[in-house]
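Visitor: I'd like to ask you about the structure that follows.
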Amino acid sequence: MNYAPIIEAKRTRFADLEDIIGRPNFFEDAKKAGELLREHRGLQKLLVCWDQYQKAQTELVENREMAKSLEDKEIAEMAAAEIPVLEQRLIDLEKAIQESILPPDPLEGRDVIMEFRAGTGGDEAAIFAGDLLRMYTRFAENRGWKVESLESSPSDMGGVKEASIKVSGEDVYRVLKYESGVHRVQRVPATEAQGRIHTSAATVAVLPEAEEVDIELKSDDVRIEVCRSSGAGGQGVNTTDSAVQVLHIPTGTIVRCQDGRSQIKNKEKALSILRARLLEKKQQEEAAKYSANRRSLIGSGGREEKIRTYNYPQNRVTDHRIEMTLYNLDQFVQGKIEPMQQALLAADLQERLAEAGLR
């Protein structure tokens, strides 16, 4: 495909943004400034990739000519050896260019709040929810992301009925946004004396962290109550009035936080979760209008959508959206989920490229 006309238009837009960002009143509208700065960074990345792409194209042509040389066999061999490297580099750079040409997701750079809930399957579902919580925590930590526990409701068998964590770092939402949905597990529970395989489920929700400019919480719409913490956690939790419950009156959404001993910290966490849930609701309403015309390959990201099955007897994990199966479940649940993540990113990119007429 001839990208040159698109690149020139992007280069013109980049120059315009350089001028806008340099104006004295640029930061008067914080939300608009943030959007323009993100666009500027994206265009800068695109133009760097394009320059590297053109350079690699030139080097490839030169190497192919040198590889034909009959006068200096040593140089010809060296040039021939570099050809596969340059060809792969062009493939990688073209992919990066395609990604940068597409309109960016305005939420792509956000941190996320991940919520885990036990579904059908009783105690085994709660144990599985705890397994998923540990899996994503390990995955995040392996990438150098920060993981903070926001709320947890342990089950009697060692899992979690509900839990929330905040994951912070580079490209967090971009990578994790495909993980929302119903995760199904097939295995023999520890409580099963007959050795029968049970099927249970847990729900994962990945919510981009909402900023105050995204969701305005009016004081009249929010009711905050302070109460005594309950459940496991030792004397420090059980004897302080640190638990905070927030009710969003217009939607009836309730968030409760009691993990921390500080009432102020629990209030901040509860409001952060509430904003994220309200932003998710707003996104779903917009997506519902959009999906009337088009059904995404990787799904809507809704909590009700079954996305993956974890089959322990066969050491198999299957993603139903892209029909991908891996036979390394023992490693997958340890947080080594990158191959599935990359396949989901690639599938989404191809669909977006097709929709934009770039394929």
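Each chain of the structure tokens is named A, B, ... in the order shown, its residues numbered from 1; ligands are numbered from 1 in display order.
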Would you pick out the contacts of range 52-66 of chain A at 9 Å or less, using only C-alpha atoms, so that residues sharing its chain but fewer than 2 positions from it are not included, and give the list as a tab-separated table (two decimals) with N, CA, C and O atoms, in the first residue's frame?

Guide:
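Resulting contents of part14.tsv:
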```tsv
chain	number	residue	atom	x	y	z
A	47	LEU	N	5.87	9.34	12.55
A	47	LEU	CA	6.84	9.94	11.65
A	47	LEU	C	8.24	9.34	11.82
A	47	LEU	O	8.98	9.18	10.85
A	48	VAL	N	8.59	9.00	13.06
A	48	VAL	CA	9.87	8.33	13.30
A	48	VAL	C	9.88	6.96	12.63
A	48	VAL	O	10.86	6.57	11.97
A	49	CYS	N	8.77	6.21	12.78
A	49	CYS	CA	8.66	4.90	12.14
A	49	CYS	C	8.75	5.01	10.62
A	49	CYS	O	9.37	4.16	9.97
A	50	TRP	N	8.11	6.03	10.08
A	50	TRP	CA	8.11	6.20	8.63
A	50	TRP	C	9.52	6.47	8.11
A	50	TRP	O	9.95	5.91	7.09
A	68	LYS	N	24.49	-9.52	-5.31
A	68	LYS	CA	24.69	-10.05	-6.66
A	68	LYS	C	26.13	-9.85	-7.15
A	68	LYS	O	26.49	-10.30	-8.25
A	69	SER	N	26.94	-9.19	-6.33
A	69	SER	CA	28.29	-8.85	-6.74
A	69	SER	C	29.14	-10.11	-6.99
A	69	SER	O	29.17	-11.02	-6.16
A	70	LEU	N	29.82	-10.10	-8.12
A	70	LEU	CA	30.72	-11.22	-8.44
A	70	LEU	C	32.17	-10.88	-8.15
A	70	LEU	O	33.05	-11.76	-8.16
A	72	ASP	N	33.40	-9.16	-5.26
A	72	ASP	CA	33.77	-9.31	-3.85
A	72	ASP	C	32.79	-10.27	-3.19
A	72	ASP	O	31.71	-9.86	-2.76
A	75	ILE	N	31.80	-9.48	0.65
A	75	ILE	CA	30.78	-8.42	0.80
A	75	ILE	C	29.42	-8.93	0.34
A	75	ILE	O	28.39	-8.64	0.96
A	76	ALA	N	29.40	-9.71	-0.73
A	76	ALA	CA	28.14	-10.26	-1.24
A	76	ALA	C	27.48	-11.17	-0.20
A	76	ALA	O	26.26	-11.11	0.00
A	77	GLU	N	28.30	-11.98	0.48
A	77	GLU	CA	27.77	-12.87	1.52
A	77	GLU	C	27.23	-12.08	2.70
A	77	GLU	O	26.18	-12.41	3.27
A	78	MET	N	27.96	-11.04	3.11
A	78	MET	CA	27.51	-10.19	4.22
A	78	MET	C	26.20	-9.49	3.87
A	78	MET	O	25.28	-9.41	4.69
A	79	ALA	N	26.11	-8.98	2.64
A	79	ALA	CA	24.89	-8.30	2.21
A	79	ALA	C	23.72	-9.26	2.16
A	79	ALA	O	22.59	-8.93	2.58
A	80	ALA	N	23.97	-10.48	1.67
A	80	ALA	CA	22.90	-11.49	1.59
A	80	ALA	C	22.41	-11.88	2.97
A	80	ALA	O	21.21	-12.12	3.17
A	82	GLU	N	22.23	-10.02	5.56
A	82	GLU	CA	21.43	-8.94	6.16
A	82	GLU	C	20.04	-8.81	5.55
A	82	GLU	O	19.17	-8.16	6.13
A	83	ILE	N	19.84	-9.40	4.38
A	83	ILE	CA	18.55	-9.25	3.68
A	83	ILE	C	17.37	-9.75	4.51
A	83	ILE	O	16.37	-9.02	4.67
A	86	LEU	N	16.58	-7.25	7.30
A	86	LEU	CA	15.94	-6.03	6.81
A	86	LEU	C	14.49	-6.29	6.39
A	86	LEU	O	13.61	-5.44	6.61
A	87	GLU	N	14.24	-7.45	5.79
A	87	GLU	CA	12.87	-7.78	5.39
A	87	GLU	C	11.96	-7.89	6.61
A	87	GLU	O	10.82	-7.40	6.59
A	89	ARG	N	12.50	-6.41	9.48
A	89	ARG	CA	12.39	-5.05	10.03
A	89	ARG	C	11.33	-4.25	9.29
A	89	ARG	O	10.56	-3.50	9.91
A	90	LEU	N	11.25	-4.41	7.97
A	90	LEU	CA	10.22	-3.71	7.20
A	90	LEU	C	8.83	-4.18	7.59
A	90	LEU	O	7.89	-3.36	7.68
A	93	LEU	N	8.09	-2.61	11.02
A	93	LEU	CA	7.86	-1.17	10.90
A	93	LEU	C	6.54	-0.87	10.22
A	93	LEU	O	5.83	0.07	10.60
A	94	GLU	N	6.17	-1.66	9.21
A	94	GLU	CA	4.88	-1.45	8.54
A	94	GLU	C	3.73	-1.67	9.51
A	94	GLU	O	2.73	-0.93	9.50
A	97	ILE	N	3.51	1.34	11.66
A	97	ILE	CA	2.94	2.44	10.90
A	97	ILE	C	1.42	2.29	10.80
A	97	ILE	O	0.67	3.25	10.99
```

Visitor: As a list in words, please: every residue in range 136-192 of chain A that a backbone DSSP assignment puts in strand (DSSP E or B).

Guide: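 These are the residues in question: Lys146, Val147, Glu148, Ser149, Leu150, Glu151, Ser152, Ser153, Pro154, Val160, Lys161, Glu162, Ala163, Ser164, Ile165, Lys166, Val167, Ser168, Gly181, Val182, His183, Arg184, Val185, Gln186 and Arg187 of chain A.
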
Visitor: Can you tell me, as JSON, numbers by chain, what residues are no more than 12 Å from Leu176 in chain A when counting only C-alpha atoms, ignoring any on the same chain fewer than 4 positions away?

Guide: {"A": [107, 108, 109, 110, 111, 112, 113, 114, 136, 137, 139, 140, 145, 166, 167, 168, 169, 170, 171, 172, 180, 181, 204, 205, 206, 207, 208, 301, 337, 338, 340, 341, 342, 344, 345]}

Visitor: Convert the current residue selection to file output with N, CA and C atoms, as a CSV table (one decimal), in the first residue's frame.

Guide:
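After the write, out-v7.csv holds the following:
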```csv
chain,number,residue,atom,x,y,z
A,107,LEU,N,-8.6,6.2,25.5
A,107,LEU,CA,-8.4,5.6,26.8
A,107,LEU,C,-7.2,4.7,26.9
A,108,GLU,N,-6.5,4.6,25.8
A,108,GLU,CA,-5.4,3.6,25.6
A,108,GLU,C,-4.3,3.7,26.6
A,109,GLY,N,-4.0,4.9,27.0
A,109,GLY,CA,-2.9,5.2,27.9
A,109,GLY,C,-3.3,5.1,29.4
A,110,ARG,N,-4.5,4.8,29.7
A,110,ARG,CA,-5.0,4.8,31.1
A,110,ARG,C,-4.5,3.6,31.9
A,111,ASP,N,-4.4,3.8,33.2
A,111,ASP,CA,-4.3,2.7,34.1
A,111,ASP,C,-5.7,2.0,34.2
A,112,VAL,N,-5.7,0.8,34.8
A,112,VAL,CA,-7.0,0.1,34.9
A,112,VAL,C,-7.4,-0.3,36.3
A,113,ILE,N,-8.6,-0.5,36.5
A,113,ILE,CA,-9.1,-1.2,37.7
A,113,ILE,C,-9.7,-2.5,37.2
A,114,MET,N,-9.2,-3.6,37.7
A,114,MET,CA,-9.7,-5.0,37.4
A,114,MET,C,-10.5,-5.5,38.5
A,136,TYR,N,-3.2,-12.6,36.8
A,136,TYR,CA,-3.0,-11.2,36.3
A,136,TYR,C,-2.1,-10.4,37.1
A,137,THR,N,-2.0,-10.7,38.4
A,137,THR,CA,-1.1,-10.0,39.3
A,137,THR,C,0.4,-10.3,38.9
A,139,PHE,N,1.3,-11.5,35.9
A,139,PHE,CA,1.5,-11.0,34.6
A,139,PHE,C,1.9,-9.5,34.7
A,140,ALA,N,1.2,-8.7,35.5
A,140,ALA,CA,1.5,-7.3,35.6
A,140,ALA,C,2.8,-7.1,36.2
A,145,TRP,N,4.7,-3.5,35.9
A,145,TRP,CA,3.6,-2.6,36.3
A,145,TRP,C,3.4,-2.7,37.8
A,166,LYS,N,-5.9,-2.3,41.3
A,166,LYS,CA,-5.5,-1.2,40.3
A,166,LYS,C,-4.2,-1.6,39.7
A,167,VAL,N,-4.1,-1.5,38.4
A,167,VAL,CA,-2.9,-1.8,37.7
A,167,VAL,C,-2.4,-0.6,37.0
A,168,SER,N,-1.1,-0.1,37.3
A,168,SER,CA,-0.6,1.1,36.8
A,168,SER,C,0.7,0.8,36.0
A,169,GLY,N,0.9,1.5,34.9
A,169,GLY,CA,2.1,1.4,34.1
A,169,GLY,C,1.8,1.8,32.6
A,170,GLU,N,2.8,1.5,31.8
A,170,GLU,CA,2.7,1.9,30.4
A,170,GLU,C,1.9,0.9,29.6
A,171,ASP,N,1.0,1.4,28.8
A,171,ASP,CA,0.1,0.6,27.9
A,171,ASP,C,-0.8,-0.4,28.7
A,172,VAL,N,-1.1,-0.1,29.9
A,172,VAL,CA,-1.9,-1.1,30.7
A,172,VAL,C,-3.2,-1.4,30.1
A,180,SER,N,-11.7,-8.6,29.6
A,180,SER,CA,-13.1,-8.5,30.2
A,180,SER,C,-14.0,-9.6,29.7
A,181,GLY,N,-14.7,-10.3,30.6
A,181,GLY,CA,-15.6,-11.3,30.2
A,181,GLY,C,-15.7,-12.5,31.1
A,204,VAL,N,-14.3,-11.4,34.9
A,204,VAL,CA,-13.2,-10.4,35.0
A,204,VAL,C,-13.7,-9.1,34.2
A,205,ALA,N,-13.6,-8.0,34.9
A,205,ALA,CA,-13.9,-6.7,34.2
A,205,ALA,C,-12.7,-5.8,34.3
A,206,VAL,N,-12.3,-5.3,33.1
A,206,VAL,CA,-11.2,-4.4,33.0
A,206,VAL,C,-11.7,-3.0,32.8
A,207,LEU,N,-11.6,-2.1,33.7
A,207,LEU,CA,-12.2,-0.7,33.6
A,207,LEU,C,-11.0,0.3,33.5
A,208,PRO,N,-11.0,1.1,32.5
A,208,PRO,CA,-10.0,2.2,32.4
A,208,PRO,C,-10.3,3.1,33.5
A,301,GLY,N,-16.3,-6.9,25.0
A,301,GLY,CA,-15.7,-6.7,26.3
A,301,GLY,C,-16.6,-6.7,27.5
A,337,ILE,N,1.0,-15.1,29.8
A,337,ILE,CA,-0.1,-15.0,28.9
A,337,ILE,C,0.2,-14.2,27.6
A,338,GLU,N,1.5,-13.9,27.4
A,338,GLU,CA,1.9,-13.0,26.3
A,338,GLU,C,1.4,-13.5,24.9
A,340,MET,N,-1.1,-15.2,23.9
A,340,MET,CA,-2.5,-15.0,23.7
A,340,MET,C,-2.8,-13.5,23.6
A,341,GLN,N,-2.1,-12.7,24.4
A,341,GLN,CA,-2.2,-11.2,24.3
A,341,GLN,C,-1.9,-10.7,22.9
A,342,GLN,N,-0.7,-11.2,22.4
A,342,GLN,CA,-0.2,-10.7,21.1
A,342,GLN,C,-1.2,-11.1,20.0
A,344,LEU,N,-4.5,-11.5,20.3
A,344,LEU,CA,-5.6,-10.7,20.4
A,344,LEU,C,-5.4,-9.3,19.8
A,345,LEU,N,-4.2,-8.7,20.2
A,345,LEU,CA,-3.8,-7.4,19.6
A,345,LEU,C,-3.8,-7.5,18.1
```

Visitor: Name the closest residue to Gly357 in chain A among the candidates A:Asp92, A:Gln98, A:Ile21, A:Arg38; distances are taken between atoms, counting only C-alpha atoms.

Guide: A:Gln98

Visitor: Taking only C-alpha atoms into account, produce a table as a Markdown table in which each residue of range 166-214 of chain A with an atom at most 12 Å from an atom of range 324-331 of chain A appears once, together with its shortest atom pair and the distance in Å to one decimal, ordered by chain and rising number.

Guide:
```
| residue | atom | partner | partner_atom | distance |
| --- | --- | --- | --- | --- |
| A:Val185 | CA | A:Leu329 | CA | 11.0 |
| A:Gln186 | CA | A:Leu329 | CA | 11.6 |
| A:Arg187 | CA | A:Leu329 | CA | 11.8 |
```

Visitor: For the selection you just gave me, I'd like the residues written to a file as a tab-separated table (two decimals), in the first residue's frame, keeping N, CA, C and O atoms.

Guide:
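And here is the file that came out, part00.tsv:
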```tsv
chain	number	residue	atom	x	y	z
A	185	VAL	N	-13.61	-22.50	33.77
A	185	VAL	CA	-12.59	-23.48	34.13
A	185	VAL	C	-13.21	-24.88	34.18
A	185	VAL	O	-14.35	-25.05	34.63
A	186	GLN	N	-12.46	-25.85	33.69
A	186	GLN	CA	-12.87	-27.26	33.74
A	186	GLN	C	-11.75	-28.04	34.44
A	186	GLN	O	-10.64	-28.15	33.91
A	187	ARG	N	-12.05	-28.54	35.64
A	187	ARG	CA	-11.04	-29.29	36.40
A	187	ARG	C	-11.70	-30.06	37.53
A	187	ARG	O	-12.89	-29.86	37.82
```

Visitor: Can you pull out every residue within 12 Å of Leu36 in chain A, counting only C-alpha atoms, but drop anything in the same chain fewer than 2 positions away, and send it as a list in words?

Guide: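 The residues that qualify are Arg13, Phe14, Asp16, Leu17, Glu18, Asp19, Ile20, Ile21, Gly22, Phe26, Phe27, Asp29, Ala30, Lys31, Lys32, Ala33, Gly34, Arg38, Glu39, His40, Arg41, Gly42, Leu43, Pro104 and Pro106 of chain A.
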
Visitor: Name all residues at most 8 Å from Ser149 in chain A (count only C-alpha atoms; drop same-chain ones fewer than 3 positions away) and give them as a list of chain:residue names.

Guide: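 Skipping anything fewer than 3 positions along the chain leaves A:Ser152, A:Ser164, A:Ile165, A:Lys166, A:Asp259.
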
Visitor: What is the distance, in Å and to one decimal place, between CA of Cys257 in chain A and CA of Glu115 in chain A?

Guide: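 Result for CA of Cys257 in chain A versus CA of Glu115 in chain A: 12.9 Å, one decimal.
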